[in-house]
>>> print(open('input_34.tsv').read())   # TSV, C-alpha atoms
chain	number	residue	atom	x	y	z
A	1	MET	CA	68.37	91.95	94.49
A	2	ALA	CA	71.13	90.99	96.85
A	3	ILE	CA	74.79	91.82	96.33
A	4	ILE	CA	76.84	88.63	96.45
A	5	GLY	CA	80.54	89.26	97.04
A	6	VAL	CA	82.95	86.71	95.61
A	7	MET	CA	86.44	87.02	97.08
A	8	GLY	CA	89.55	85.03	96.24
A	9	SER	CA	92.87	84.90	94.47
A	10	GLY	CA	93.84	87.68	92.10
A	11	GLN	CA	96.10	85.28	90.19
A	12	GLU	CA	94.48	81.82	90.21
A	13	GLU	CA	91.06	81.68	88.52
A	14	TRP	CA	89.71	78.65	90.38
A	15	ALA	CA	87.39	78.34	87.36
A	16	ASP	CA	85.82	75.03	88.48
A	17	TYR	CA	84.39	76.92	91.46
A	18	ALA	CA	84.15	80.56	90.34
A	19	GLU	CA	82.44	80.01	86.99
A	20	PRO	CA	79.44	77.95	88.18
A	21	LEU	CA	79.12	80.37	91.10
A	22	GLY	CA	79.13	83.45	88.86
A	23	ALA	CA	76.55	81.89	86.53
A	24	TRP	CA	74.34	80.85	89.46
A	25	ILE	CA	74.44	84.36	90.98
A	26	ALA	CA	73.37	85.82	87.61
A	27	GLY	CA	70.63	83.22	87.16
A	28	ALA	CA	69.32	83.85	90.66
A	29	GLY	CA	68.87	87.54	89.84
A	30	HIS	CA	71.53	88.96	92.15
A	31	ASP	CA	74.36	91.43	91.63
A	32	LEU	CA	77.94	90.15	91.72
A	33	LEU	CA	80.63	92.14	93.56
A	34	THR	CA	84.34	91.42	93.16
A	35	GLY	CA	87.58	93.36	93.33
A	36	GLY	CA	87.33	93.81	89.56
A	37	GLY	CA	90.71	92.32	88.63
A	38	GLY	CA	92.11	88.96	87.52
A	39	GLY	CA	91.98	85.46	88.92
A	40	VAL	CA	88.78	84.55	90.76
A	41	MET	CA	87.45	88.06	90.12
A	42	ARG	CA	87.69	87.65	86.34
A	43	SER	CA	86.50	84.05	86.30
A	44	ALA	CA	83.34	84.74	88.34
A	45	ALA	CA	82.56	87.95	86.42
A	46	ARG	CA	83.09	86.26	83.05
A	47	ALA	CA	80.54	83.54	83.88
A	48	PHE	CA	78.14	86.09	85.38
A	49	HIS	CA	78.44	88.39	82.36
A	50	GLY	CA	77.87	85.52	79.91
A	51	THR	CA	74.67	84.27	81.55
A	52	PRO	CA	71.70	84.86	79.22
A	53	GLY	CA	68.82	86.86	80.69
A	54	ARG	CA	70.69	88.11	83.74
A	55	ARG	CA	69.22	91.13	85.51
A	56	GLY	CA	71.99	91.98	87.91
A	57	ARG	CA	75.26	93.78	87.36
A	58	SER	CA	78.85	92.78	87.91
A	59	ILE	CA	80.34	95.37	90.24
A	60	GLY	CA	84.11	95.82	90.52
A	61	ILE	CA	85.67	97.65	93.48
A	62	LEU	CA	88.93	98.87	91.98
A	63	PRO	CA	92.27	99.73	93.57
A	64	SER	CA	94.00	102.83	92.28
A	65	GLU	CA	97.23	104.74	92.14
A	66	PRO	CA	97.77	108.49	92.25
A	67	ASP	CA	97.39	110.21	88.89
A	68	PRO	CA	98.56	113.81	88.38
A	69	ILE	CA	95.59	114.70	86.16
A	70	ARG	CA	92.68	112.56	87.37
A	71	GLY	CA	93.67	112.29	91.03
A	72	HIS	CA	93.47	108.51	90.96
A	73	ALA	CA	93.57	105.96	88.15
A	74	PRO	CA	92.84	102.22	88.21
A	75	LEU	CA	95.84	99.95	88.57
A	76	PRO	CA	96.89	98.18	85.36
A	77	GLY	CA	94.57	95.23	84.65
A	78	TYR	CA	91.59	96.84	86.38
A	79	PRO	CA	88.75	96.57	85.66
A	80	ASN	CA	88.56	93.25	83.86
A	81	PRO	CA	86.38	93.34	80.72
A	82	TYR	CA	83.42	91.63	82.45
A	83	ILE	CA	82.73	94.40	84.96
A	84	ASP	CA	79.53	96.34	84.27
A	85	LEU	CA	79.92	98.87	87.07
A	86	PRO	CA	83.53	99.77	87.97
A	87	ILE	CA	83.87	101.70	91.22
A	88	LEU	CA	87.24	103.41	91.56
A	89	THR	CA	88.41	103.74	95.15
A	90	PRO	CA	91.25	105.94	96.40
A	91	PHE	CA	92.92	102.81	97.84
A	92	ALA	CA	95.90	100.89	96.50
A	93	ARG	CA	96.15	97.16	97.09
A	94	LYS	CA	96.57	96.45	100.81
A	95	PRO	CA	100.11	95.18	101.35
A	96	ALA	CA	100.74	91.94	103.21
A	97	GLY	CA	101.47	92.65	106.85
A	98	ALA	CA	99.52	95.92	106.95
A	99	PRO	CA	97.68	96.37	110.24
A	100	PRO	CA	94.08	95.10	110.24
A	101	THR	CA	92.86	98.59	111.12
A	102	GLU	CA	94.30	100.09	107.91
A	103	LEU	CA	91.47	101.08	105.59
A	104	SER	CA	91.46	99.45	102.16
A	105	ARG	CA	89.14	98.59	99.30
A	106	ASN	CA	88.62	95.27	101.12
A	107	HIS	CA	86.43	97.24	103.53
A	108	VAL	CA	84.30	98.40	100.60
A	109	ASN	CA	84.08	94.83	99.24
A	110	ILE	CA	82.89	93.40	102.55
A	111	LEU	CA	80.67	96.22	103.79
A	112	THR	CA	78.86	96.48	100.43
A	113	SER	CA	78.21	92.73	100.06
A	114	ASP	CA	75.07	91.17	101.55
A	115	VAL	CA	76.56	87.66	101.41
A	116	ILE	CA	80.18	86.65	100.83
A	117	VAL	CA	81.58	83.56	99.14
A	118	VAL	CA	85.31	83.08	99.60
A	119	LEU	CA	87.41	81.05	97.21
A	120	PRO	CA	91.04	80.23	97.99
A	121	GLY	CA	93.39	83.18	98.03
A	122	ARG	CA	96.28	84.73	99.91
A	123	HIS	CA	96.73	87.76	102.17
A	124	GLY	CA	94.06	89.97	100.53
A	125	THR	CA	91.49	87.20	100.80
A	126	LEU	CA	92.52	86.54	104.40
A	127	ASP	CA	92.00	90.23	105.15
A	128	GLU	CA	88.51	90.07	103.61
A	129	VAL	CA	87.64	86.98	105.69
A	130	ARG	CA	88.76	88.74	108.87
A	131	LEU	CA	86.72	91.82	107.95
A	132	ALA	CA	83.61	89.73	107.21
A	133	LEU	CA	83.96	88.05	110.61
A	134	ARG	CA	84.48	91.42	112.30
A	135	PHE	CA	81.37	92.93	110.68
A	136	GLY	CA	79.21	89.81	111.06
A	137	LYS	CA	78.63	89.24	107.35
A	138	PRO	CA	77.19	85.88	106.23
A	139	MET	CA	80.12	84.08	104.63
A	140	ILE	CA	81.07	80.64	103.33
A	141	GLY	CA	84.30	79.30	101.84
A	142	PHE	CA	84.03	77.38	98.57
A	143	GLY	CA	86.83	75.16	97.31
A	144	PRO	CA	89.18	72.40	98.44
A	145	GLU	CA	89.37	72.29	102.24
A	146	LEU	CA	93.17	72.10	102.22
A	147	ASP	CA	93.35	75.48	100.48
A	148	PHE	CA	91.68	77.19	103.46
A	149	GLN	CA	94.16	76.08	106.13
A	150	ALA	CA	95.54	79.62	106.59
A	151	MET	CA	92.06	81.04	107.14
A	152	PRO	CA	90.41	81.54	110.54
A	153	ALA	CA	88.70	78.44	111.93
A	154	GLU	CA	85.39	80.35	112.04
A	155	LEU	CA	85.21	80.25	108.21
A	156	ARG	CA	82.85	77.43	107.26
A	157	THR	CA	84.13	75.79	104.08
A	158	THR	CA	82.77	73.30	101.57
A	159	GLY	CA	83.58	71.95	98.16
A	160	ASP	CA	79.91	71.25	97.46
A	161	PHE	CA	78.22	73.71	95.09
A	162	GLY	CA	74.72	72.87	96.37
A	163	THR	CA	75.74	73.72	99.92
A	164	VAL	CA	77.04	77.11	98.75
A	165	THR	CA	73.91	78.02	96.78
A	166	ALA	CA	71.66	76.92	99.67
A	167	PHE	CA	73.75	79.07	102.05
A	168	ILE	CA	73.39	82.11	99.77
A	169	ALA	CA	69.63	81.59	99.32
A	170	ASP	CA	69.14	81.22	103.08
A	171	ALA	CA	71.28	84.25	103.92
A	172	VAL	CA	69.48	86.39	101.34
A	173	SER	CA	66.09	85.37	102.71
A	174	HIS	CA	67.13	86.51	106.20
A	175	ARG	CA	68.59	89.91	105.33
>>> encode(input="input_34.tsv", output="structure tokens")
Amino acid sequence: MAIIGVMGSGQEEWADYAEPLGAWIAGAGHDLLTGGGGGVMRSAARAFHGTPGRRGRSIGILPSEPDPIRGHAPLPGYPNPYIDLPILTPFARKPAGAPPTELSRNHVNILTSDVIVVLPGRHGTLDEVRLALRFGKPMIGFGPELDFQAMPAELRTTGDFGTVTAFIADAVSHR
């Protein structure tokens, strides 16, 4: 089983892209990895979780905040109800403008994923794209081309679902 990371907006679900992708990942027998929250993370995990006969798990890499009793506790809204395996990190959300060398849960998302599919998002998604490029992870953007204008030019993007699934299958076969 490969771990397919789906990265994207924490607010906008991009359901027309995230839901077929989550269902396909489940049907293909892979694990799904997201940040475990709302938006794209919830939409992809919901479709993955609802796929009959799936073998893989939905993995959520969770941000946290200090907790006087437990040390760290998940931020409100984490994990979403479709996460099978929540992994609590000692990292808060990475703030916009933080230096690229600052460690964050985005590192865990990217380094744990075998293949990464990026849906439109903002600064957190941009950070994940930069990390995937830095660590040489196979990655493709999925969604309207105009919504990737702020991303590095090296990110290959498509709105075609078949292109995305072929990319994943090829990358998994070469890992």
>>> residues_near_point(input="input_34.tsv", point="(78.4, 74.1, 99.4)", cutoff="12 Å", atoms="all atoms listed in the file", output="list in words")
Tyr17, Pro20, Leu21, Val117, Val118, Leu119, Met139, Ile140, Gly141, Phe142, Gly143, Pro144, Glu145, Arg156, Thr157, Thr158, Gly159, Asp160, Phe161, Gly162, Thr163, Val164, Thr165, Ala166, Phe167, Ile168 and Ala169 of chain A
>>> closest_residue(input="input_34.tsv", among="A:Ala171, A:Ile61, A:Pro120, A:Ala28", to="Ala15 in chain A", atoms="only C-alpha atoms")
A:Pro120
>>> atom_distance(input="input_34.tsv", atom1="CA of Leu133 in chain A", atom2="CA of Phe148 in chain A")
15.1 Å
>>> residues_near_point(input="input_34.tsv", point="(88.9, 109.6, 95.8)", cutoff="8 Å", atoms="all atoms listed in the file", output="PyMOL selection string")
chain A and resi 71-72+88-90
>>> residues_around(input="input_34.tsv", residues="Lys94 in chain A", least_positions_apart="4", cutoff="7 Å", atoms="all atoms listed in the file", output="number ranges by chain")
A: 98, 104, 124
>>> write_last_selection(input="input_34.tsv", atoms="C-alpha atoms", output="PDB file, in the frame of the given file")
ATOM      1  CA  ALA A  98      99.520  95.920 106.950  1.00  0.00           C
ATOM      2  CA  SER A 104      91.460  99.450 102.160  1.00  0.00           C
ATOM      3  CA  GLY A 124      94.060  89.970 100.530  1.00  0.00           C
TER       4      GLY A 124
END
>>> atom_distance(input="input_34.tsv", atom1="CA of Gly56 in chain A", atom2="CA of His30 in chain A")
5.2 Å
>>> closest_residue(input="input_34.tsv", among="A:Arg46, A:Arg54, A:Lys137, A:Arg70", to="Thr34 in chain A", atoms="only C-alpha atoms")
A:Arg46
>>> closest_residue(input="input_34.tsv", among="A:Val6, A:Ile69, A:Ile25, A:Leu75", to="Gly39 in chain A", atoms="all atoms listed in the file")
A:Val6
>>> closest_residue(input="input_34.tsv", among="A:Gly97, A:Gly27, A:Pro79, A:Gly22", to="Met1 in chain A", atoms="all atoms listed in the file")
A:Gly27
>>> residues_around(input="input_34.tsv", residues="Arg57 in chain A", least_positions_apart="4", cutoff="10 Å", atoms="all atoms listed in the file", output="list of chain:residue names")
A:Ile3, A:Ala26, A:Gly29, A:His30, A:Asp31, A:Leu32, A:Leu33, A:Ala45, A:Phe48, A:His49, A:Tyr82, A:Ile83, A:Asp84, A:Leu85
>>> build_atoms(input="input_34.tsv", residues="range 63-89 of chain A", atoms="N, CA and C atoms", output="PDB file, in the coordinates of the input")
ATOM      1  N   PRO A  63      91.167  99.010  92.930  1.00  0.00           N
ATOM      2  CA  PRO A  63      92.270  99.730  93.570  1.00  0.00           C
ATOM      3  C   PRO A  63      92.790 100.787  92.610  1.00  0.00           C
ATOM      4  N   SER A  64      93.487 101.767  93.143  1.00  0.00           N
ATOM      5  CA  SER A  64      94.000 102.830  92.280  1.00  0.00           C
ATOM      6  C   SER A  64      95.400 103.227  92.680  1.00  0.00           C
ATOM      7  N   GLU A  65      95.939 104.118  91.850  1.00  0.00           N
ATOM      8  CA  GLU A  65      97.230 104.740  92.140  1.00  0.00           C
ATOM      9  C   GLU A  65      97.071 106.235  91.852  1.00  0.00           C
ATOM     10  N   PRO A  66      97.873 107.057  92.507  1.00  0.00           N
ATOM     11  CA  PRO A  66      97.770 108.490  92.250  1.00  0.00           C
ATOM     12  C   PRO A  66      98.013 108.812  90.778  1.00  0.00           C
ATOM     13  N   ASP A  67      97.251 109.771  90.268  1.00  0.00           N
ATOM     14  CA  ASP A  67      97.390 110.210  88.890  1.00  0.00           C
ATOM     15  C   ASP A  67      97.419 111.739  88.913  1.00  0.00           C
ATOM     16  N   PRO A  68      98.426 112.356  88.283  1.00  0.00           N
ATOM     17  CA  PRO A  68      98.560 113.810  88.380  1.00  0.00           C
ATOM     18  C   PRO A  68      97.405 114.590  87.750  1.00  0.00           C
ATOM     19  N   ILE A  69      96.686 113.998  86.826  1.00  0.00           N
ATOM     20  CA  ILE A  69      95.590 114.700  86.160  1.00  0.00           C
ATOM     21  C   ILE A  69      94.235 114.321  86.755  1.00  0.00           C
ATOM     22  N   ARG A  70      93.999 113.025  86.915  1.00  0.00           N
ATOM     23  CA  ARG A  70      92.680 112.560  87.370  1.00  0.00           C
ATOM     24  C   ARG A  70      92.590 112.375  88.883  1.00  0.00           C
ATOM     25  N   GLY A  71      93.669 112.531  89.584  1.00  0.00           N
ATOM     26  CA  GLY A  71      93.670 112.290  91.030  1.00  0.00           C
ATOM     27  C   GLY A  71      94.010 110.857  91.352  1.00  0.00           C
ATOM     28  N   HIS A  72      93.222 109.941  90.805  1.00  0.00           N
ATOM     29  CA  HIS A  72      93.470 108.510  90.960  1.00  0.00           C
ATOM     30  C   HIS A  72      93.128 107.825  89.652  1.00  0.00           C
ATOM     31  N   ALA A  73      93.845 106.758  89.345  1.00  0.00           N
ATOM     32  CA  ALA A  73      93.570 105.960  88.150  1.00  0.00           C
ATOM     33  C   ALA A  73      93.613 104.489  88.550  1.00  0.00           C
ATOM     34  N   PRO A  74      92.810 103.648  87.890  1.00  0.00           N
ATOM     35  CA  PRO A  74      92.840 102.220  88.210  1.00  0.00           C
ATOM     36  C   PRO A  74      94.227 101.639  87.979  1.00  0.00           C
ATOM     37  N   LEU A  75      94.588 100.664  88.798  1.00  0.00           N
ATOM     38  CA  LEU A  75      95.840  99.950  88.570  1.00  0.00           C
ATOM     39  C   LEU A  75      95.761  99.203  87.244  1.00  0.00           C
ATOM     40  N   PRO A  76      96.905  98.943  86.614  1.00  0.00           N
ATOM     41  CA  PRO A  76      96.890  98.180  85.360  1.00  0.00           C
ATOM     42  C   PRO A  76      96.160  96.839  85.559  1.00  0.00           C
ATOM     43  N   GLY A  77      95.334  96.475  84.579  1.00  0.00           N
ATOM     44  CA  GLY A  77      94.570  95.230  84.650  1.00  0.00           C
ATOM     45  C   GLY A  77      93.204  95.376  85.294  1.00  0.00           C
ATOM     46  N   TYR A  78      92.876  96.568  85.753  1.00  0.00           N
ATOM     47  CA  TYR A  78      91.590  96.840  86.380  1.00  0.00           C
ATOM     48  C   TYR A  78      90.832  97.872  85.559  1.00  0.00           C
ATOM     49  N   PRO A  79      89.561  97.742  85.381  1.00  0.00           N
ATOM     50  CA  PRO A  79      88.750  96.570  85.660  1.00  0.00           C
ATOM     51  C   PRO A  79      88.922  95.518  84.568  1.00  0.00           C
ATOM     52  N   ASN A  80      88.562  94.285  84.898  1.00  0.00           N
ATOM     53  CA  ASN A  80      88.560  93.250  83.860  1.00  0.00           C
ATOM     54  C   ASN A  80      87.394  93.542  82.910  1.00  0.00           C
ATOM     55  N   PRO A  81      87.390  92.972  81.715  1.00  0.00           N
ATOM     56  CA  PRO A  81      86.380  93.340  80.720  1.00  0.00           C
ATOM     57  C   PRO A  81      84.950  92.886  81.032  1.00  0.00           C
ATOM     58  N   TYR A  82      84.750  92.160  82.116  1.00  0.00           N
ATOM     59  CA  TYR A  82      83.420  91.630  82.450  1.00  0.00           C
ATOM     60  C   TYR A  82      82.735  92.422  83.562  1.00  0.00           C
ATOM     61  N   ILE A  83      83.303  93.552  83.915  1.00  0.00           N
ATOM     62  CA  ILE A  83      82.730  94.400  84.960  1.00  0.00           C
ATOM     63  C   ILE A  83      81.788  95.411  84.331  1.00  0.00           C
ATOM     64  N   ASP A  84      80.525  95.392  84.767  1.00  0.00           N
ATOM     65  CA  ASP A  84      79.530  96.340  84.270  1.00  0.00           C
ATOM     66  C   ASP A  84      79.632  97.692  84.985  1.00  0.00           C
ATOM     67  N   LEU A  85      79.902  97.658  86.265  1.00  0.00           N
ATOM     68  CA  LEU A  85      79.920  98.870  87.070  1.00  0.00           C
ATOM     69  C   LEU A  85      81.244  98.953  87.842  1.00  0.00           C
ATOM     70  N   PRO A  86      82.262  99.618  87.258  1.00  0.00           N
ATOM     71  CA  PRO A  86      83.530  99.770  87.970  1.00  0.00           C
ATOM     72  C   PRO A  86      83.437 100.917  88.975  1.00  0.00           C
ATOM     73  N   ILE A  87      83.857 100.668  90.186  1.00  0.00           N
ATOM     74  CA  ILE A  87      83.870 101.700  91.220  1.00  0.00           C
ATOM     75  C   ILE A  87      85.325 101.919  91.635  1.00  0.00           C
ATOM     76  N   LEU A  88      85.848 103.071  91.263  1.00  0.00           N
ATOM     77  CA  LEU A  88      87.240 103.410  91.560  1.00  0.00           C
ATOM     78  C   LEU A  88      87.327 103.913  92.991  1.00  0.00           C
ATOM     79  N   THR A  89      88.186 103.285  93.778  1.00  0.00           N
ATOM     80  CA  THR A  89      88.410 103.740  95.150  1.00  0.00           C
ATOM     81  C   THR A  89      89.742 104.502  95.206  1.00  0.00           C
TER      82      THR A  89
END
